[in-house]
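Written out below as C-alpha cells is the structure these notes cover.
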Amino acid sequence: MSGATRGATLLEVRDLAVHFGSDSKLIKAVDGVSFDVAAGETVVLVGESGSGKSISALACARLLPPVARIAGGTVRLAGEDLFRLPEARMRDIRGAAIGMVFQEPQSSLNPVMTIGAQIGETLVRHKRLRGAALERRIIELLEAVGIEDAARRSREYPHQFSGGMKQRVMIAIALAADPRLLIADEPTTALDVTIQAQVLDLIRRIQRERDMGILFITHDLAVAHQIADRLIVMKQGKVVETGTREDFYRAPKHPYSRELFAALPSWEKRVREGHAPQPGSGEVMLSVRDLKVWFPIKKGVFKRTVGHVKAVDGISLDIEAGRTLAVVGESGSGKTTMGKGILQLLDVHAGAVRYKGVELGSLDAATLRRYRAELQIVFQDPYSSMNPRMMVGDIIKEGMIAQGIGGSRAARDARVAELLGQVGLEAAHAQRYPHEFSGGQRQRICIARALAVEPRLIVCDEPTSALDVSVQAQILELLRDLQERLGLTYLFVTHNIGVVAYLAHRVAVMYRGELVEYGEVEQVLHAPAHEYTQRLLAAVPAIDSAA
C-alpha cells in the first residue's frame with residue numbers, strides 16, 4: 001500500500017496508558033501512545049525489549065496480564081470503543097474481527113490438543129464449520145503457511161513441531177476466521193529466512209484480498225522494511241518517532257532510531273570493528289561423525305515401528321576450541337535436534353560425538369553429569385525453559401548448586417549479580433519471576449544461567465531470536481568478549497544470516513536432516529556452492545535506504 005491513498009481508519013488508539021504495580025511502585029509500561037491503522041495498511045511497531053510494543057498490542061485486544069491495568073486512553077475498532085464492551089462481546093471480536101499471533105507459540109498452543117483441533121476451535125466458533133468442510137479448511141490453512149503433509153500433521157501435537165513450525169500454526173489460527181485486523185507480535189521471529197519470506201508474502205496476499213489492517217511488531221528492521229507502510233518507534237513506553245517506510249529508512253530522525261540501524265549485525269560491521277575471522281588453533285574440541293537422530297513412526301494397536309523420521313541423518317563436523325560454528329537451515333531441517341543430540345539430550349540412533357577425545361555416548365549417567373558443567377545449552381524458547389515458580393536468582397543458581405560451583409551462598413549471590421549485569425539486566429532482577437520480564441529479557445536470563453557453571457562449549461539455539469537489534473548487539477558483543485577472554489566454543493544455531501556473518505568462524509548449512517554445505521564463513525556466505533545455500537542467501541531481507 002506504500003505510496004497509495006490510505007483507506008478508512010480501522011483501528012484508532014488515543015493516549016493509551018498501561019501501568020504495572022501500585023502508586024508506590026508504579027511502572028508506566030505504555031505512556032500516552034497514539035496511532036491509527038487503516039484498512040489495507042500495515043503499521044509496524046519497533047523498539048527494544050520492554051519498550052511497550054507487545055503491551056500496547058495486547059491492550060488493544062484487552063488481553064493484558066492480571067498485573068497490568070489500563071490507566072487511560074481509548075481504543076476503537078471500526079468506531080466501536082473496545083474498552084467499553086462487556087467481556088462476552090470481546091470474546092466474539094477476538095478471532096473474528098481481530099486475529100492474534102503471539103510471540104511465544106510454545107506457551108500459546110495447548111500441549112494436549114492436536115494442531116488440527118486447535119485450528120478447528122476458531123473455525124467452529126466463528127465460521128460454524130463442521131465435518132468434512134472443517135477438515136478441508138484446516139488442511140488448507142496448514143498448507144497456506146508452508147506445512148507439508150498437512151493432513152497427517154494436523155493430527156499431531158505441538159511437541160512434535162519445531163519452533164518455526166509452531167509459529168506457522170499460530171499464524172494459521174490467527175487467519176482462520178478472516179479477521180479485519182491482524183495483530184502480529186514477532187510472527188517471523190522463529191522462522192528461517194526462506195519461510196519468513198513465504199509467511200510475509202502470505203500475510204500480504206491475504207491483506208490485499210480482504211483489505212485487512214495489520215499491526216505488526218518486530219525487532220527486525222529488515223522485516224519491517226519488507227512489510228511496513230508506516231513505522232512507529234517506541235522506547236520506554238513512549239513513541240519517539242513515526243513516519244512512512246520511505247522517510248524512515250531514508251533518514252531516521254530520532255537518535256534512538258539511528259542507534260537501531262547502527263546495531264544491525266553484518267559482515268561489514270564485523271570488518272569495521274576489526275573482528276574479521278583469523279585462522280584457528282587447529283585444536284578440535286568437538287568432533288561429530290555420522291550422527292543420526294531418528295524418531296520412530298509407530299502404527300497399529302501394538303504401536304509397531306514402521307519407519308523413522310530421519311531428523312538428523314549422517315552429520316559429520318568438527319568445532320575448533322575457541323571458535324564459533326554457526327548452523328543454519330530452514331525450520332525443521334534438524335538444526336536444534338542435532339544440537340540436542342550432540343549434548344546427549346536426545347537418544348542418538350547412530351554415530352559418535354567426541355568432546356576433548358571422550359566419546360560422550362559411551363559414558364554412564366554419573367560421568368556424563370560431570371561433563372554437564374562444561375557442555376551447556378541456551379534454548380530457543382526462554383519462557384518454557386524456566387520454572388515459572390522460581391525467582392530468577394534461584395534459576396541461575398540452580399546449576400551452580402548442582403555442580404558445586406560458587407562455594408558459599410554469598411559467593412553465588414554475587415556471581416548472579418555479576419552475570420545479570422553482563423547480560424544487560426540489574427542485580428535486583430534476581431528477586432523477580434520469569435513472567436515479570438519481556439521475551440528478550442527472559443532470553444538474557446537463560447544466557448546468564450548457561451554461563452553460571454563456567455562452561456567450555458555452549459550450544460546456542462537461537463539465543464538472540466527474541467531480542468531487538470540493540471540488545472542483540474550487546475549479547476553478540478558479550479558472547480564474543482567471553483569467547484576471547486575465556487576461550488569459549490560455540491555451536492550457534494540461528495536463522496539470522498546477519499548474525500552468522502557477524503559472529504561465526506565456520507558455517508554448516510542443513511537441509512532435511514543432512515549437511516549440504518560446510519566451510520569458512522566468508523567462503524559460504526560470499527560464494528555459496530550448493531543450490532540450497534544460494535536460495536537461502538537470496539531470501540535474506542535487505543534494507544534499501546532509498547526505498
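Labels for the C-alpha cells follow display order: chains A, B, ..., residues from 1 in each chain, ligands from 1.
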Tell me which protein, DNA and RNA residues are within 9 Å of region 494-510 of chain A, counting only C-alpha atoms, leaving out same-chain ones fewer than 4 positions away, and put them as a ChimeraX atom specification.
/A:190-193,264-271,275-280,317,319,323-331,333-335,460-465,476-477,479-480,490,514-522,524-525,532-533,537,540
Alpha helix (DSSP H) per DSSP on the backbone: members of region 368-504 of chain A, as a ChimeraX atom specification
/A:368-371,392-403,409-422,439-451,469-486,497-503
Selection export as an mmCIF file, in the first residue's frame, atoms kept: C-alpha atoms:
```
data_model
loop_
_atom_site.group_PDB
_atom_site.id
_atom_site.type_symbol
_atom_site.label_atom_id
_atom_site.label_comp_id
_atom_site.auth_asym_id
_atom_site.auth_seq_id
_atom_site.Cartn_x
_atom_site.Cartn_y
_atom_site.Cartn_z
ATOM 1 C CA LEU A 368 28.091 -37.639 31.834
ATOM 2 C CA ARG A 369 26.592 -35.433 34.525
ATOM 3 C CA ARG A 370 30.075 -34.256 35.499
ATOM 4 C CA TYR A 371 30.565 -33.104 31.923
ATOM 5 C CA VAL A 392 15.405 -15.545 38.563
ATOM 6 C CA GLY A 393 18.263 -15.672 41.043
ATOM 7 C CA ASP A 394 17.367 -19.235 42.052
ATOM 8 C CA ILE A 395 17.057 -20.255 38.380
ATOM 9 C CA ILE A 396 20.581 -19.037 37.674
ATOM 10 C CA LYS A 397 21.990 -20.602 40.851
ATOM 11 C CA GLU A 398 20.367 -23.999 40.259
ATOM 12 C CA GLY A 399 23.170 -25.277 38.033
ATOM 13 C CA MET A 400 25.849 -23.789 40.275
ATOM 14 C CA ILE A 401 24.468 -25.673 43.269
ATOM 15 C CA ALA A 402 24.176 -28.941 41.315
ATOM 16 C CA GLN A 403 27.780 -28.688 40.137
ATOM 17 C CA ARG A 409 25.567 -18.637 49.295
ATOM 18 C CA ALA A 410 27.004 -15.120 49.385
ATOM 19 C CA ALA A 411 29.507 -16.001 46.662
ATOM 20 C CA ARG A 412 26.755 -17.436 44.471
ATOM 21 C CA ASP A 413 24.566 -14.361 45.021
ATOM 22 C CA ALA A 414 27.477 -12.139 43.995
ATOM 23 C CA ARG A 415 28.027 -14.277 40.897
ATOM 24 C CA VAL A 416 24.331 -13.978 39.979
ATOM 25 C CA ALA A 417 24.518 -10.190 40.258
ATOM 26 C CA GLU A 418 27.633 -10.175 38.066
ATOM 27 C CA LEU A 419 26.007 -12.402 35.433
ATOM 28 C CA LEU A 420 22.831 -10.297 35.316
ATOM 29 C CA GLY A 421 24.961 -7.225 34.737
ATOM 30 C CA GLN A 422 26.850 -8.974 31.934
ATOM 31 C CA GLY A 439 10.638 -12.113 25.908
ATOM 32 C CA GLY A 440 14.047 -10.592 25.236
ATOM 33 C CA GLN A 441 14.795 -10.171 28.927
ATOM 34 C CA ARG A 442 13.926 -13.822 29.555
ATOM 35 C CA GLN A 443 16.432 -14.900 26.925
ATOM 36 C CA ARG A 444 19.126 -12.850 28.620
ATOM 37 C CA ILE A 445 18.336 -14.668 31.878
ATOM 38 C CA CYS A 446 18.777 -18.012 30.100
ATOM 39 C CA ILE A 447 22.170 -16.925 28.780
ATOM 40 C CA ALA A 448 23.194 -15.927 32.311
ATOM 41 C CA ARG A 449 22.074 -19.344 33.569
ATOM 42 C CA ALA A 450 24.224 -21.122 30.974
ATOM 43 C CA LEU A 451 27.271 -19.011 31.848
ATOM 44 C CA VAL A 469 18.691 -5.305 17.461
ATOM 45 C CA SER A 470 20.242 -3.075 20.126
ATOM 46 C CA VAL A 471 20.115 -5.775 22.813
ATOM 47 C CA GLN A 472 21.106 -8.404 20.238
ATOM 48 C CA ALA A 473 24.219 -6.356 19.522
ATOM 49 C CA GLN A 474 25.031 -6.282 23.239
ATOM 50 C CA ILE A 475 24.565 -10.060 23.554
ATOM 51 C CA LEU A 476 26.675 -10.800 20.478
ATOM 52 C CA GLU A 477 29.376 -8.491 21.807
ATOM 53 C CA LEU A 478 29.134 -10.259 25.172
ATOM 54 C CA LEU A 479 29.427 -13.707 23.584
ATOM 55 C CA ARG A 480 32.429 -12.610 21.549
ATOM 56 C CA ASP A 481 34.075 -10.996 24.579
ATOM 57 C CA LEU A 482 33.544 -14.158 26.648
ATOM 58 C CA GLN A 483 34.938 -16.252 23.824
ATOM 59 C CA GLU A 484 38.067 -14.123 23.556
ATOM 60 C CA ARG A 485 38.519 -13.834 27.319
ATOM 61 C CA LEU A 486 37.581 -17.364 28.419
ATOM 62 C CA ILE A 497 22.291 -14.649 8.334
ATOM 63 C CA GLY A 498 23.420 -11.253 9.627
ATOM 64 C CA VAL A 499 24.309 -12.830 12.973
ATOM 65 C CA VAL A 500 26.208 -15.597 11.163
ATOM 66 C CA ALA A 501 28.201 -13.040 9.183
ATOM 67 C CA TYR A 502 28.987 -11.052 12.315
ATOM 68 C CA LEU A 503 29.873 -13.838 14.757
#
```
So which one's closest to Glu436 (chain A), A:Ile297, A:Val67, A:Val43, A:Leu11? Using only C-alpha atoms, please.
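Closest to Glu436 (chain A), using only C-alpha atoms: A:Val67.
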Neighbouring residues of region 299-315 of chain A were defined as those with any atom within 9 Å, considering only C-alpha atoms; residues of the same chain fewer than 3 positions away were excluded. Please report them as JSON, numbers by chain.
{"A": [288, 289, 290, 291, 292, 293, 294, 295, 296, 332, 333, 334, 335, 337, 338, 341, 350, 351, 512, 513, 514, 515]}
Taking only C-alpha atoms into account, which of A:Met113, A:Glu156, A:Tyr249, A:Val423 comes nearest Ala222 (chain A)?
A:Tyr249
Need to verify the contact set: Gly116 (chain A), 12 Å, only C-alpha atoms, exclusion of same-chain residues closer than 6 positions in sequence. Can you return it as a list in words?
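The contact residues come out as Leu109, Asn110, Thr122, Leu123, Val124, Leu134, Glu135, Arg136, Arg137, Ile138, Ile139, Glu140, Leu141, Leu142, Ala150, Ala151, Arg152, Arg153, Ser154, Arg155, Glu156, Tyr157, Pro158, Val169, Met170, Ala172, Ile173 and Ala176 of chain A.
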For the selection you just gave me, I'd like the residues written to a file as a PDB file, in the first residue's frame, keeping C-alpha atoms.
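Written output follows (result11.pdb):
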```pdb
ATOM      1  CA  LEU A 109      -0.514 -23.700  21.991  1.00  0.00           C
ATOM      2  CA  ASN A 110      -2.338 -26.303  24.105  1.00  0.00           C
ATOM      3  CA  THR A 122     -11.605 -20.911  15.767  1.00  0.00           C
ATOM      4  CA  LEU A 123     -13.366 -22.269  12.681  1.00  0.00           C
ATOM      5  CA  VAL A 124     -16.170 -23.874  14.723  1.00  0.00           C
ATOM      6  CA  LEU A 134     -13.905 -28.230   8.722  1.00  0.00           C
ATOM      7  CA  GLU A 135     -11.217 -30.813   7.918  1.00  0.00           C
ATOM      8  CA  ARG A 136     -10.655 -29.354   4.446  1.00  0.00           C
ATOM      9  CA  ARG A 137     -10.259 -25.835   5.791  1.00  0.00           C
ATOM     10  CA  ILE A 138      -7.780 -26.960   8.462  1.00  0.00           C
ATOM     11  CA  ILE A 139      -5.628 -28.631   5.815  1.00  0.00           C
ATOM     12  CA  GLU A 140      -5.882 -25.580   3.524  1.00  0.00           C
ATOM     13  CA  LEU A 141      -4.676 -23.281   6.306  1.00  0.00           C
ATOM     14  CA  LEU A 142      -1.725 -25.527   7.214  1.00  0.00           C
ATOM     15  CA  ALA A 150      -0.802 -31.186   6.272  1.00  0.00           C
ATOM     16  CA  ALA A 151      -3.399 -33.956   6.647  1.00  0.00           C
ATOM     17  CA  ARG A 152      -1.064 -36.089   8.751  1.00  0.00           C
ATOM     18  CA  ARG A 153       0.478 -33.213  10.674  1.00  0.00           C
ATOM     19  CA  SER A 154      -2.933 -31.849  11.652  1.00  0.00           C
ATOM     20  CA  ARG A 155      -3.308 -34.953  13.842  1.00  0.00           C
ATOM     21  CA  GLU A 156      -0.019 -34.327  15.652  1.00  0.00           C
ATOM     22  CA  TYR A 157       0.667 -32.361  18.852  1.00  0.00           C
ATOM     23  CA  PRO A 158       2.696 -29.173  19.411  1.00  0.00           C
ATOM     24  CA  VAL A 169       0.480 -22.927  13.181  1.00  0.00           C
ATOM     25  CA  MET A 170      -0.183 -19.778  15.237  1.00  0.00           C
ATOM     26  CA  ALA A 172      -2.905 -20.301  10.599  1.00  0.00           C
ATOM     27  CA  ILE A 173      -5.073 -19.996  13.740  1.00  0.00           C
ATOM     28  CA  ALA A 176      -8.658 -18.876  10.197  1.00  0.00           C
TER      29      ALA A 176
END
```
